[in-house]
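Chemist: Quick one: the structure is below, and I'll ask about it shortly.
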Amino acid sequence: MVEKIDQAQVKKVAKLSRLQLSDAEVDEFTHQLSAVLGYMEKLNELDTTDVEPLAHCLPITNVFREDKIKESLGTEKTLANAPQRDGDFFKVPKILDDSSGA
Amino acid sequence: MPNKLLNTGCKELRDKIASGQIKSITATQTVFDAIEKYEPAIGAYISTFKEQALAKAGEIDNKIAAGEPVGQLAGVPVAIKDNMCTTFGATTCASKILENFHAPYNATVVEKLLTADAVIIGKTNLDEFAMGSSTENSGLKKTVNPWDTNRVPGGSSGGSAAAVASRLCFAALGSDTGGSIRQPASLCGVVGLKPTYGRVSRFGLVAFGSSLDQIGPVTRTVADSALMMDVIAGHDPADSTSVDEAAAPVCDYLEKIDEPVEKLKIAVVPQFNAGADKQVQKSIADAIDVYKKLGADIIEINMPHLDYAIAAYYIIATAEASSNLARYDGVHYGHRTENPKDYIEVYSKSRAEAFGKEVKRRIMLGTYALSSGYYDAYYLKALKVRNLIRGDFTDAFEKCDCIVMPVSPTTAFKIGEKIDDPLTMYLSDIYTIAANLAGIPAISIPCGFDNNNLPIGLQILAPAFAEDKLLRIARMYENQTDWYKRKPPMIS
């Protein structure tokens, strides 16, 4: 049976999803996602040529409020769950490579 | 008389506490005694707050003794699903990625429960990030069905449904993105209401599918469901999708609960119901007969697009989930991998280590459906089918007050039975997901038992913002039957 999605595609989607998958997971997900995507083919039975897409089931409009400063969480509460912090900042590993010449 | 106390309805308990006949501290202690006895076998709770709950109960008792006014849930011990933010305890979503997350604010529903003087006793288990139909996807613990501990409680609000069914709280909150309140309510023999999208604030509910998610009550009776709605429904400026009450007024749901709906017209969808197990079909037919005897007019309708709901739903819900769960980046909160080799690994390894398989699958599926080259074929197509499904409901409600159908095609299935086959698990959501796609309210109420003494649920669906009518219709059935009074044999 031809799978709806192959391992190379699964790896690409995993990269887009920022999920580092093991080879076993790539294999498992290829089969499982293929089965699910195969089922979704069902939607093609319906002619939707003149149908508008419905992203939201209720009429949603922009909600505005006065541009006034309100109380916010504050630094301590915001940083309280940080895996690593440095003073008043979230700490992350170095983003730029030293050899980039920048 | 602890057993009798635990079987008391929320309204009756509240009134007895408010009038001083029962102390909230007694009710709360009785619940914790039951938790001590049964929770090791059931596994409904991720966390409990005994000290805090007893202190709060004491405060309420003191207020009452001093003659001060108290709220609509004064002293009533309730539980909340652990995907709603609380400043007390952790808010885990049953995920290892949030295992140690302490929310900096309370969800609006939590604030509303506290304002109503409810006693929050604990936070219940769920499928990780509410993704699942059995609670087996919890990354933190296992919950079983109190009617048969070899079976699942349903999901994703399996902890809330199991806790209510086992008398380990008087009522609970759940969240429903594709049936996650109604299906576990059905499988555990309790009442579960998914309100109209926008009726209850989602502020502080950890997002899964933002155009589908809705918080609602899990209770033992329809009246209790109405009381909980009185507390939690309403507009919230903090949730931009919560509906303006001028456009759709919130009713006093409990006050009118015993007014039967005159000239009730109920629709059934025969071709759609035929997919359920024979015993489920029989119970639904019997329930329809109860309504007939009450004078309801039953009509048969065709809803041609319902068969496409699962396919559309699992594209839309996963697309929204893949976007919502991008926030778990290992930077701001939640799990971070040790020793990442670069900043990309902060994301990709942290997420890989701490998300469970179903969450990964859904993120992948949603990312795929939104990715370049597939967007039109999957996501856009699904949104168009969503419109057709909503159209089916609009047409149907021109002819009837409500639609009835099963909640789940089967009663509770065995633990492990479907966990390795995601598609089969998704297909079990056939009856519940259309309501989320259309944004309408729907309720699950107990309507019988199968040969294995497992509960069966009746689903009633109503037009948007017709919760008052929906609850009254459900109450008409409840008043004629006593299924809701049964309790799991293991609970003495």
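Please note that chains go A, B, ... in the order of the structure tokens, that every chain numbers its residues from 1, and that ligands are numbered from 1 in the order shown.
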Apply DSSP to the backbone of this structure and, from chain A, keep only the residues in helix (DSSP H, G or I); write these as a ChimeraX atom specification.
Modeler: /A:7-16,23-45,75-79,98-100
Chemist: Taking 5 positions as the minimum chain separation for residues in the same chain, which residues sit within 7 Å of range 157-161 of chain B when counting only C-alpha atoms? Answer as a list in words.
Modeler: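 Neighbouring residues, sequence-local ones excluded: Ala44, Tyr45, Ile80, Lys81, Thr124, Asn125, Leu126, Ser134, Thr135, Thr143, Ala172, Leu173, Gly174, Ser175, Ser180, Ile181, Pro184, Ala185, Cys188, Val190 and Val218 of chain B.
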Chemist: Could you dump the residues just selected with N, CA and C atoms as a CSV table (one decimal), in the first residue's frame?
Modeler:
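Okay, selection-v1.csv is ready:
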```csv
chain,number,residue,atom,x,y,z
B,44,ALA,N,-8.7,9.8,40.0
B,44,ALA,CA,-9.3,11.0,39.3
B,44,ALA,C,-8.5,12.3,39.4
B,45,TYR,N,-7.8,12.4,40.5
B,45,TYR,CA,-7.2,13.7,40.7
B,45,TYR,C,-5.7,13.8,40.4
B,80,ILE,N,-11.9,20.9,39.6
B,80,ILE,CA,-11.7,21.5,38.2
B,80,ILE,C,-10.7,20.7,37.5
B,81,LYS,N,-10.9,20.6,36.2
B,81,LYS,CA,-10.0,19.9,35.3
B,81,LYS,C,-8.6,20.7,35.3
B,124,THR,N,-8.4,17.7,38.4
B,124,THR,CA,-8.6,16.4,37.9
B,124,THR,C,-7.8,16.0,36.7
B,125,ASN,N,-7.6,14.7,36.5
B,125,ASN,CA,-6.8,14.2,35.4
B,125,ASN,C,-7.5,14.4,34.0
B,126,LEU,N,-6.7,14.3,33.0
B,126,LEU,CA,-7.2,14.5,31.6
B,126,LEU,C,-6.2,13.9,30.6
B,134,SER,N,-10.0,9.0,26.2
B,134,SER,CA,-10.0,7.9,27.2
B,134,SER,C,-9.2,8.3,28.4
B,135,THR,N,-8.6,9.5,28.5
B,135,THR,CA,-7.7,9.9,29.6
B,135,THR,C,-6.5,9.0,29.6
B,143,THR,N,-6.4,7.2,35.1
B,143,THR,CA,-7.8,7.2,35.7
B,143,THR,C,-8.6,6.0,35.1
B,172,ALA,N,-18.0,19.2,39.0
B,172,ALA,CA,-16.7,19.5,38.5
B,172,ALA,C,-16.8,20.3,37.2
B,173,LEU,N,-15.7,20.9,36.9
B,173,LEU,CA,-15.7,21.6,35.6
B,173,LEU,C,-14.8,20.7,34.6
B,174,GLY,N,-15.3,20.7,33.4
B,174,GLY,CA,-14.5,20.0,32.3
B,174,GLY,C,-14.3,21.0,31.2
B,175,SER,N,-13.6,20.6,30.1
B,175,SER,CA,-13.6,21.4,28.9
B,175,SER,C,-13.9,20.4,27.8
B,180,SER,N,-15.2,16.3,24.9
B,180,SER,CA,-14.4,16.0,26.1
B,180,SER,C,-15.1,16.2,27.4
B,181,ILE,N,-16.3,16.8,27.4
B,181,ILE,CA,-17.1,16.8,28.6
B,181,ILE,C,-18.2,15.7,28.5
B,184,PRO,N,-17.0,11.5,28.4
B,184,PRO,CA,-16.7,10.9,29.7
B,184,PRO,C,-17.9,10.9,30.6
B,185,ALA,N,-18.7,12.0,30.5
B,185,ALA,CA,-20.0,12.0,31.3
B,185,ALA,C,-20.8,10.8,30.9
B,188,CYS,N,-19.3,7.5,32.2
B,188,CYS,CA,-19.3,7.4,33.7
B,188,CYS,C,-20.7,7.5,34.3
B,190,VAL,N,-22.8,10.2,34.3
B,190,VAL,CA,-23.2,11.5,34.9
B,190,VAL,C,-23.6,12.5,33.8
B,218,VAL,N,-19.7,19.2,34.8
B,218,VAL,CA,-19.9,17.8,34.9
B,218,VAL,C,-20.6,17.6,36.3
```
Chemist: In range 195-237 of chain B, what's strand (DSSP E) per DSSP? Answer as a PyMOL selection string?
Modeler: chain B and resi 214-219
Chemist: When the cut-off is 7 Å and we count only C-alpha atoms, which residues of chain A are near chain B, given as JSON, numbers by chain?
Modeler: {"A": [13, 14, 17, 18, 19, 20, 21, 29, 32, 33, 35, 36, 39, 40, 43, 48, 51, 52, 53, 54, 55, 56, 57, 60, 63, 77, 81, 82, 83, 90, 92, 93, 94, 95]}
Chemist: With C-alpha atoms retained, could you export that selection as a tab-separated table (two decimals), in the first residue's frame?
Modeler:
```tsv
chain	number	residue	atom	x	y	z
A	13	VAL	CA	6.93	18.16	9.30
A	14	ALA	CA	8.76	17.22	12.52
A	17	SER	CA	6.97	21.40	14.35
A	18	ARG	CA	10.24	21.65	16.29
A	19	LEU	CA	9.96	18.06	17.46
A	20	GLN	CA	13.09	15.93	17.50
A	21	LEU	CA	11.75	12.48	16.70
A	29	PHE	CA	4.00	8.29	12.83
A	32	GLN	CA	-0.44	6.38	11.77
A	33	LEU	CA	-0.57	9.75	10.02
A	35	ALA	CA	-4.03	6.15	8.02
A	36	VAL	CA	-5.55	9.38	9.37
A	39	TYR	CA	-9.46	8.79	6.13
A	40	MET	CA	-9.57	12.54	5.50
A	43	LEU	CA	-13.82	15.21	2.43
A	48	THR	CA	-17.36	22.72	-1.89
A	51	VAL	CA	-18.90	27.18	-0.03
A	52	GLU	CA	-17.25	29.83	2.12
A	53	PRO	CA	-14.67	28.60	4.63
A	54	LEU	CA	-15.88	28.92	8.23
A	55	ALA	CA	-13.03	29.54	10.64
A	56	HIS	CA	-15.28	30.60	13.45
A	57	CYS	CA	-18.85	29.55	14.15
A	60	ILE	CA	-16.54	37.53	15.61
A	63	VAL	CA	-12.89	43.97	20.36
A	77	LYS	CA	5.43	36.75	38.21
A	81	ASN	CA	8.26	29.77	35.80
A	82	ALA	CA	11.33	30.42	33.65
A	83	PRO	CA	13.54	27.36	33.27
A	90	PHE	CA	14.86	34.84	30.38
A	92	VAL	CA	18.69	30.99	26.64
A	93	PRO	CA	21.77	29.40	25.04
A	94	LYS	CA	23.84	31.47	22.67
A	95	ILE	CA	21.98	32.04	19.42
```
Chemist: Using Å and a single decimal, report how far CA of Val290 in chain B sits from CA of Leu470 in chain B.
Modeler: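 Interatomic distance, CA of Leu470 in chain B to CA of Val290 in chain B: 16.1 Å.
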Chemist: Show me, as an NGL selection string, the residues that have an atom within 9 Å of Phe89 in chain A when counting only C-alpha atoms, minus same-chain residues fewer than 5 positions from it.
Modeler: :A and (75 or 79 or 84)
Chemist: How far is it from CA of Val261 in chain B to CA of Lys469 in chain B, in Å with one decimal?
Modeler: 7.1 Å
Chemist: What does the structure give for the distance between CA of Ala226 in chain B and CA of Leu254 in chain B, in Å to one decimal?
Modeler: 4.9 Å
Chemist: Skipping near chain neighbours, those fewer than 4 positions away, what residues fall within 12 Å of Ile491 in chain B using only C-alpha atoms, listed as a PyMOL selection string?
Modeler: chain B and resi 2-3+6-7+34-35+37-39+41-42+145-149+162-168+486-487
